[in-house]
Structure formats: C-alpha cells, structure tokens
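Before any comments, here is the structure.
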Protein chains: 2
Amino acid sequence: MAQDPDVSEYLIAPDPSAVRLTRAVQGVDHNGEETTIRVVEERPLTIFLNAQEIVTAMTIGDYPEYLALGFLRNQRMLLPDDDITGVDYDEELETVVVRTARATDYEDKMRRKTRTSGCAVGTVFGDMMEGLGEVKLAPTPVRTSWLYDLSGKINRTPSLYLEAGAIHGTVLCEGNRPLVYMEDVGRHNAVDKIAGWMLSEGVSAESKILYTTGRLTSEMVIKTAMMGIPVLASRSGFTAWGVEIAQQIGLTLIGRMKGKRFVCLSGEERLIRDANPAQIADEPKRSGRKGEA
Amino acid sequence: MAQDPDVSEYLIAPDPSAVRLTRAVQGVDHNGEETTIRVVEERPLTIFLNAQEIVTAMTIGDYPEYLALGFLRNQRMLLPDDDITGVDYDEELETVVVRTARATDYEDKMRRKTRTSGCAVGTVFGDMMEGLGEVKLAPTPVRTSWLYDLSGKINRTPSLYLEAGAIHGTVLCEGNRPLVYMEDVGRHNAVDKIAGWMLSEGVSAESKILYTTGRLTSEMVIKTAMMGIPVLASRSGFTAWGVEIAQQIGLTLIGRMKGKRFVCLSGEERLIRDANPAQIADEPKRSGRKGEA
C-alpha cells in the first residue's frame, strides 16, 4: 500500500495481522477451482455481572473486557455510579466477569426484560427509548474538513474489513483525528467495545465524533446519544426514524459519506463548512470499501 | 428500466411504491444544497403470544402477521404441534397477537431466556445451538444455472433496496424461480417474514434455496437450517464459524455471488455445474447492488 496513513495517530488501531481474528477457509470458486479465503472468526463470549450470567455474544474475540464493560453500560445494567472492582477475562472458558462493589439492580432489570424483549431479533425496542429524554448532548461544532480527513484516513487504515470483509467498523474520533477503531461481526459489538474503552479510560464524550460503516438506524442513533456522543457519521444510509430521533435530541447526523459526498440529516446549524468539496477527490472505484446500502 | 424481469414469477414481490414503507427526508448535501431522499421507515411492532407480550421489534411494517409468526417459530416459542387459532394485527396499536389452542411453554422459555440472553446485542448464542443436532437437511442438488438465474432476476427486481437503500433482502427460491422476496431493516426480520409465510401456507422447505443480501454468519446459517432449508446463498461474505456449521450439518453454502463469481463453502458435492461461467456477464458497475462486505 503506497499511501498508508499514519496509524500512530490512533490510540487503538485494528490489527489485521492478529492470528486469532481470522482463519483461512477453503472453498471452490465459480470455475471449479479450489480457493483459500481469509475470513473473520466468530467466537462466543459469555458476559457475567458478578455472579449473574447475562449474555453470550458472538464476537471476533478482541478486547473482551471492553466489550463486556461497554455492553453492560449500554444496556444500563452498569450505572454511572457503580464502582467497578474487577474485569476478569478467561480465554479458555470464553467468559468475562465484571465485578462491582455493591450488587447492581440487574436482577430487576432482567425480570423486566422478560416482558419487553425476546432476543435474537436484532432490533429491540423496549428499554431502548428509556432514559433518552434525559440525554443532553453538547452542541459540538463540526468542521466539514474534519469529516473529509477522517473519512480518508479511516478508509486507508489497514483493517480486518480490508483483509477479510464481513465485518463492521466503528471509530471514535476527535476533530480530524481517529482515536479508537474497533471492528466486530456485529456493529453493536464494535460500538460496545468503544463504550467499554471510554468507561475504562474515563474519556469524556462531548467533543467526540462517532464514525460507523453501518446504517444509521434508530437503534444506532439512540445508542450514540446515550453514550453522550454528539456527532454520528456513516458512509451508509439511514432510516426515517433514525433521522427523526437525531433531530429531536440534537445529535448531528451525517450519512452517505463517500469521497466528496455526504448528506447532513440533522444539525446543519452546527456544521462549519470550511472545506471545498470540489477539491476533495472521489473515492477510487476499487477502494475496497462499501457502504451498507 | 429496460430489463425488468417478469415479476409475475413471484408469489410475493417487493412493493417499492407502497406509501407506508418509505418517507421523504430532507437533508443538506456536501454542496450546502437542500436535498430530498426517500428512505425506509422503521416502526415498532409488538408481538404477543396469547396474553403474553414477547418483544417489540423494529420493522418497515409490511406483513406484520408473517413477521410475528415467523419470529415466534424461529425462536421456538411456537412449536410445530402448536395449533394456531388466530393472528390478529392492530395497525393503530402496532401489535400482533398470535393465539394458540392450548397454552404454549413460552413462560418456561422466557424464564430461561433471562439467563441466556441480554437482548439488543444483535447476536445471541444461548438458545441458538439448541435443537441443531436434530436437524436433518434434504441433500438437495443445486444447479449453478439456477444460482446465476436467481441472482440476475433478484438484482433486477424492483425493490425497496433499489428505491431507498438501508435495507436487507431475503428471497425464498425453488429451482431458478424466486418465490417470496421480503425486505426489512433487520435481516432477521426479513427471514422471519419468510418463515411466517411458509408456516401460514404450509410450504415445505426441502427443495428450497434461501438467498440473502446479508452476510453468512453462524446465526444466519443456523436459522436457515432450523427452518429446514438446505441451501443458503449470498452476494456477501461469510464468517469462519458460519462455514464450519454449514459443513457440519450438510447445508450447501454459497457466498460472494456476483456476476459470474461465487464461492461454494459447503456442499460442493451437491452442486451441478451446468452453467459455463465464461458465458455469464459481470454485473454492470452501476447495478445499484452492494454486498455487505
């Protein structure tokens, strides 16, 4: 690759060479010839909160502690005032145990969940809207030059996506700098790993931008807002309700960001249009990147 | 469109002109110009099994009865010997109530679910593998000419995807004929709607092919197998574990199917290579279709 960006900008960048994250799979192609393809792994990871088993998620397997912390936080099973005393990953058992100083209210939470969600449906409403009314997002200005810089850097960053495909990426950014780039088989896992990192490191959300390769659905907009992040950008499309919620809660929403193109669906008044789109190159046809429609 | 395929081949085809399924959303583009974009709707649909509220799913909103039936069946809350006495959709309340002659075992099911799944994680393990050992798939032969025919027909079928994007499509096929084409914001919803249609119509699975626009993850492979469908094809990529499970249970798995290209990951011995790939046209650059990586 001639134009590798400076990966040292990242605090965490993908590690596409990590042996544990991909596997060579044999297949037979359209010409009847044997072919070997590197594909991403999926592994079960069972998350415990103290003595309670909470969920078994399918994940590529990196950053299990961040995934567990972020999942529990984003599900509001861990609350901001919970004192986390330990996060123990057991590679052999494929478990992470998150421990808190006092018992959390997860038992009530779980009891209520049996009524509001049936699981494995992918998109669940129930709890999702809860607490959204209290969200106050910082009215963070966004320079369009940052958006173009971020998009270019992220697309050129060596990643599992470019190596093996069939994976979602989410990047926490600040200004024009990508900070933490997480990938996973499910786009929620990638976001949860970022939430877990932010929680572990005590990172504030208010000046951040979240970039995702996935679609801007209501669920993704709500999750970003609940994490306190005021700006969400994607190269993919969006749903009507995702846009409506973003407008209601004052989240800046940018979709279909490819080459010079983007559409601002919410927060136009917070955009600073300091870049001239005519000077931005279109993406090369073979960039390897696709939007998720 | 010059080459519309014969949509009359379908028993159910997408209806991209349906007013209820899309909405015009206003945005501001990269040049600062106002733009109007048709995007898909997301609506909550709350599914009841008798008196029990089970889940609220986010859906585009078509075929709510099939979605409810297929969801409950695929979650094994409805069992094959349950006698379904009614399926009542209330558009105003956004609910579907599925009624059975006798109480089902869903209460036990739900109690157990509280231990194995936390919801909204997108990919849940728990129940997923349960019952997979008993699955016996018919060793259905697959002609490569069917695969090429199906891929061409499906890509040219007018759809919400082509109209508005940000949506997944799944098509139930037999031989070279696409039968039922469902779309939804979540790919599981699209598959569940097909399962609900099959259950309602008493359609057998053994000679069918399931085509999806989405990735071939373990979850998708397992779901297809549990529905009894012996062949799963996609224009997108796959995960290592998806391939492994397909091989174990004898499901024919075809990935990265675009133009003349495809890769057979499982069931090569059941493929009849009756088409000459050299005679298949590559997809036009602007086909509008993208794989999900």
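By order in the structure tokens, chains are A, B, ...; within a chain, residues start at 1; ligands start at 1, following the order shown.
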Selection near range 28-36 of chain B, 7 Å with only C-alpha atoms, sequence-local residues under 3 positions removed, as a VMD selection string = (chain A and resid 260 to 265 277) or (chain B and resid 24 to 25)
Can I get the selection written as an mmCIF file, in the first residue's frame, with N, CA, C and O atoms?
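Contents of out_24.cif, as written:
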data_model
loop_
_atom_site.group_PDB
_atom_site.id
_atom_site.type_symbol
_atom_site.label_atom_id
_atom_site.label_comp_id
_atom_site.auth_asym_id
_atom_site.auth_seq_id
_atom_site.Cartn_x
_atom_site.Cartn_y
_atom_site.Cartn_z
ATOM 1 N N LYS A 260 -16.303 13.065 -1.940
ATOM 2 C CA LYS A 260 -16.696 14.449 -1.617
ATOM 3 C C LYS A 260 -18.127 14.539 -1.102
ATOM 4 O O LYS A 260 -18.560 15.560 -0.602
ATOM 5 N N ARG A 261 -18.859 13.456 -1.271
ATOM 6 C CA ARG A 261 -20.293 13.492 -0.975
ATOM 7 C C ARG A 261 -20.627 13.220 0.487
ATOM 8 O O ARG A 261 -19.964 12.424 1.135
ATOM 9 N N PHE A 262 -21.648 13.870 0.994
ATOM 10 C CA PHE A 262 -22.288 13.489 2.251
ATOM 11 C C PHE A 262 -23.634 14.182 2.304
ATOM 12 O O PHE A 262 -23.912 15.096 1.517
ATOM 13 N N VAL A 263 -24.475 13.743 3.225
ATOM 14 C CA VAL A 263 -25.740 14.427 3.473
ATOM 15 C C VAL A 263 -25.858 14.660 4.971
ATOM 16 O O VAL A 263 -25.695 13.733 5.765
ATOM 17 N N CYS A 264 -26.133 15.903 5.335
ATOM 18 C CA CYS A 264 -26.367 16.228 6.744
ATOM 19 C C CYS A 264 -27.864 16.146 6.998
ATOM 20 O O CYS A 264 -28.649 16.881 6.398
ATOM 21 N N LEU A 265 -28.257 15.229 7.892
ATOM 22 C CA LEU A 265 -29.680 14.985 8.146
ATOM 23 C C LEU A 265 -30.178 15.694 9.385
ATOM 24 O O LEU A 265 -31.386 15.845 9.584
ATOM 25 N N PRO A 277 -15.793 21.090 -1.349
ATOM 26 C CA PRO A 277 -15.989 19.731 -1.865
ATOM 27 C C PRO A 277 -15.340 19.526 -3.223
ATOM 28 O O PRO A 277 -14.914 18.410 -3.546
ATOM 29 N N ALA B 24 -40.049 10.681 2.580
ATOM 30 C CA ALA B 24 -39.084 11.636 2.035
ATOM 31 C C ALA B 24 -38.454 12.394 3.194
ATOM 32 O O ALA B 24 -39.156 12.974 4.015
ATOM 33 N N VAL B 25 -37.127 12.353 3.286
ATOM 34 C CA VAL B 25 -36.403 13.034 4.358
ATOM 35 C C VAL B 25 -35.586 14.171 3.743
ATOM 36 O O VAL B 25 -34.977 14.001 2.688
#
Do a neighbour search on Pro284 in chain B at 12 Å with only C-alpha atoms, toss out local chain neighbours closer than 6 positions, and write the hits as a ChimeraX atom specification.
/B:152,155-156,258-260,290
Just want the 12 Å neighbourhood of Pro178 in chain B, counted on only C-alpha atoms, with same-chain residues fewer than 3 positions away dropped. Output as an mmCIF file with N, CA and C atoms, in the first residue's frame.
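Result written to selection28.cif:
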data_model
loop_
_atom_site.group_PDB
_atom_site.id
_atom_site.type_symbol
_atom_site.label_atom_id
_atom_site.label_comp_id
_atom_site.auth_asym_id
_atom_site.auth_seq_id
_atom_site.Cartn_x
_atom_site.Cartn_y
_atom_site.Cartn_z
ATOM 1 N N PRO B 5 -37.465 -7.847 -14.942
ATOM 2 C CA PRO B 5 -37.774 -9.264 -15.062
ATOM 3 C C PRO B 5 -39.274 -9.457 -14.877
ATOM 4 N N ASP B 6 -39.714 -10.646 -15.147
ATOM 5 C CA ASP B 6 -41.124 -10.960 -15.037
ATOM 6 C C ASP B 6 -41.480 -11.134 -13.556
ATOM 7 N N VAL B 7 -41.983 -10.065 -12.951
ATOM 8 C CA VAL B 7 -42.269 -10.100 -11.516
ATOM 9 C C VAL B 7 -43.423 -11.067 -11.222
ATOM 10 N N SER B 8 -44.169 -11.433 -12.276
ATOM 11 C CA SER B 8 -45.284 -12.371 -12.061
ATOM 12 C C SER B 8 -44.791 -13.764 -11.659
ATOM 13 N N GLU B 9 -43.477 -14.018 -11.813
ATOM 14 C CA GLU B 9 -42.911 -15.269 -11.305
ATOM 15 C C GLU B 9 -43.060 -15.376 -9.788
ATOM 16 N N TYR B 10 -43.048 -14.233 -9.128
ATOM 17 C CA TYR B 10 -43.085 -14.216 -7.665
ATOM 18 C C TYR B 10 -44.485 -14.495 -7.127
ATOM 19 N N LEU B 11 -44.550 -15.163 -5.985
ATOM 20 C CA LEU B 11 -45.795 -15.209 -5.224
ATOM 21 C C LEU B 11 -45.932 -13.922 -4.410
ATOM 22 N N ILE B 12 -44.809 -13.465 -3.859
ATOM 23 C CA ILE B 12 -44.776 -12.155 -3.204
ATOM 24 C C ILE B 12 -43.514 -11.436 -3.656
ATOM 25 N N ALA B 13 -43.688 -10.274 -4.275
ATOM 26 C CA ALA B 13 -42.554 -9.443 -4.689
ATOM 27 C C ALA B 13 -42.578 -8.161 -3.851
ATOM 28 N N PRO B 14 -41.452 -7.471 -3.748
ATOM 29 C CA PRO B 14 -41.455 -6.200 -3.016
ATOM 30 C C PRO B 14 -42.396 -5.196 -3.688
ATOM 31 N N TRP B 146 -29.203 -22.355 -11.948
ATOM 32 C CA TRP B 146 -30.237 -21.748 -11.098
ATOM 33 C C TRP B 146 -29.673 -20.558 -10.335
ATOM 34 N N LEU B 147 -28.474 -20.753 -9.785
ATOM 35 C CA LEU B 147 -27.867 -19.689 -8.979
ATOM 36 C C LEU B 147 -27.690 -18.426 -9.821
ATOM 37 N N TYR B 148 -27.187 -18.589 -11.032
ATOM 38 C CA TYR B 148 -26.996 -17.427 -11.908
ATOM 39 C C TYR B 148 -28.339 -16.800 -12.291
ATOM 40 N N ASP B 149 -29.320 -17.642 -12.615
ATOM 41 C CA ASP B 149 -30.650 -17.116 -12.966
ATOM 42 C C ASP B 149 -31.238 -16.321 -11.801
ATOM 43 N N LEU B 150 -31.172 -16.926 -10.616
ATOM 44 C CA LEU B 150 -31.768 -16.283 -9.432
ATOM 45 C C LEU B 150 -31.092 -14.952 -9.149
ATOM 46 N N SER B 151 -29.778 -14.970 -9.171
ATOM 47 C CA SER B 151 -29.024 -13.760 -8.859
ATOM 48 C C SER B 151 -29.395 -12.637 -9.828
ATOM 49 N N GLY B 152 -29.469 -12.960 -11.108
ATOM 50 C CA GLY B 152 -29.831 -11.959 -12.116
ATOM 51 C C GLY B 152 -31.245 -11.438 -11.921
ATOM 52 N N LYS B 153 -32.188 -12.358 -11.701
ATOM 53 C CA LYS B 153 -33.583 -11.937 -11.531
ATOM 54 C C LYS B 153 -33.765 -11.077 -10.277
ATOM 55 N N ILE B 154 -33.171 -11.523 -9.191
ATOM 56 C CA ILE B 154 -33.347 -10.803 -7.921
ATOM 57 C C ILE B 154 -32.741 -9.403 -8.005
ATOM 58 N N ASN B 155 -31.569 -9.298 -8.612
ATOM 59 C CA ASN B 155 -30.921 -7.979 -8.717
ATOM 60 C C ASN B 155 -31.719 -7.000 -9.561
ATOM 61 N N ARG B 156 -32.500 -7.516 -10.501
ATOM 62 C CA ARG B 156 -33.267 -6.619 -11.375
ATOM 63 C C ARG B 156 -34.693 -6.394 -10.880
ATOM 64 N N THR B 157 -35.089 -7.099 -9.829
ATOM 65 C CA THR B 157 -36.449 -6.937 -9.306
ATOM 66 C C THR B 157 -36.586 -5.583 -8.607
ATOM 67 N N THR B 170 -34.227 -10.822 1.572
ATOM 68 C CA THR B 170 -34.103 -12.277 1.620
ATOM 69 C C THR B 170 -35.160 -12.853 0.689
ATOM 70 N N VAL B 171 -34.773 -13.830 -0.115
ATOM 71 C CA VAL B 171 -35.683 -14.375 -1.119
ATOM 72 C C VAL B 171 -35.733 -15.896 -0.984
ATOM 73 N N LEU B 172 -36.943 -16.418 -0.850
ATOM 74 C CA LEU B 172 -37.136 -17.868 -0.868
ATOM 75 C C LEU B 172 -37.285 -18.290 -2.324
ATOM 76 N N CYS B 173 -36.501 -19.275 -2.741
ATOM 77 C CA CYS B 173 -36.476 -19.679 -4.153
ATOM 78 C C CYS B 173 -36.651 -21.190 -4.272
ATOM 79 N N GLU B 174 -37.042 -21.612 -5.466
ATOM 80 C CA GLU B 174 -37.093 -23.047 -5.778
ATOM 81 C C GLU B 174 -36.617 -23.208 -7.222
ATOM 82 N N GLY B 175 -35.604 -24.064 -7.432
ATOM 83 C CA GLY B 175 -35.015 -24.145 -8.765
ATOM 84 C C GLY B 175 -34.526 -22.760 -9.161
ATOM 85 N N TYR B 181 -40.049 -12.618 -1.870
ATOM 86 C CA TYR B 181 -38.949 -11.663 -1.671
ATOM 87 C C TYR B 181 -39.369 -10.717 -0.555
ATOM 88 N N MET B 182 -38.732 -10.840 0.600
ATOM 89 C CA MET B 182 -39.052 -9.979 1.737
ATOM 90 C C MET B 182 -37.881 -9.046 2.024
ATOM 91 N N LYS B 208 -36.028 -26.014 -1.256
ATOM 92 C CA LYS B 208 -35.885 -24.568 -1.370
ATOM 93 C C LYS B 208 -34.438 -24.088 -1.264
ATOM 94 N N ILE B 209 -34.236 -22.884 -1.781
ATOM 95 C CA ILE B 209 -32.962 -22.166 -1.689
ATOM 96 C C ILE B 209 -33.266 -20.820 -1.030
ATOM 97 N N LEU B 210 -32.488 -20.432 -0.037
ATOM 98 C CA LEU B 210 -32.670 -19.119 0.563
ATOM 99 C C LEU B 210 -31.536 -18.210 0.083
ATOM 100 N N TYR B 211 -31.926 -17.073 -0.487
ATOM 101 C CA TYR B 211 -30.955 -16.101 -0.975
ATOM 102 C C TYR B 211 -31.029 -14.878 -0.061
ATOM 103 N N THR B 212 -29.890 -14.389 0.380
ATOM 104 C CA THR B 212 -29.901 -13.202 1.231
ATOM 105 C C THR B 212 -28.863 -12.194 0.756
#
Exercise. Between B:Thr56, B:Gln248, B:Ser200, B:Ser145, single out the one closest to Gly70 in chain B, counting only C-alpha atoms.
Key: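 Of B:Thr56, B:Gln248, B:Ser200, B:Ser145, the one nearest Gly70 in chain B, counting only C-alpha atoms, is B:Ser200.
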Requested in this report: Tell me which protein, DNA and RNA residues are within 12 Å of Glu201 in chain A, counting only C-alpha atoms, leaving out same-chain ones fewer than 3 positions away, and put them as JSON, numbers by chain.
Outcome: {"A": [11, 66, 69, 70, 180, 194, 195, 196, 197, 198, 204, 205]}
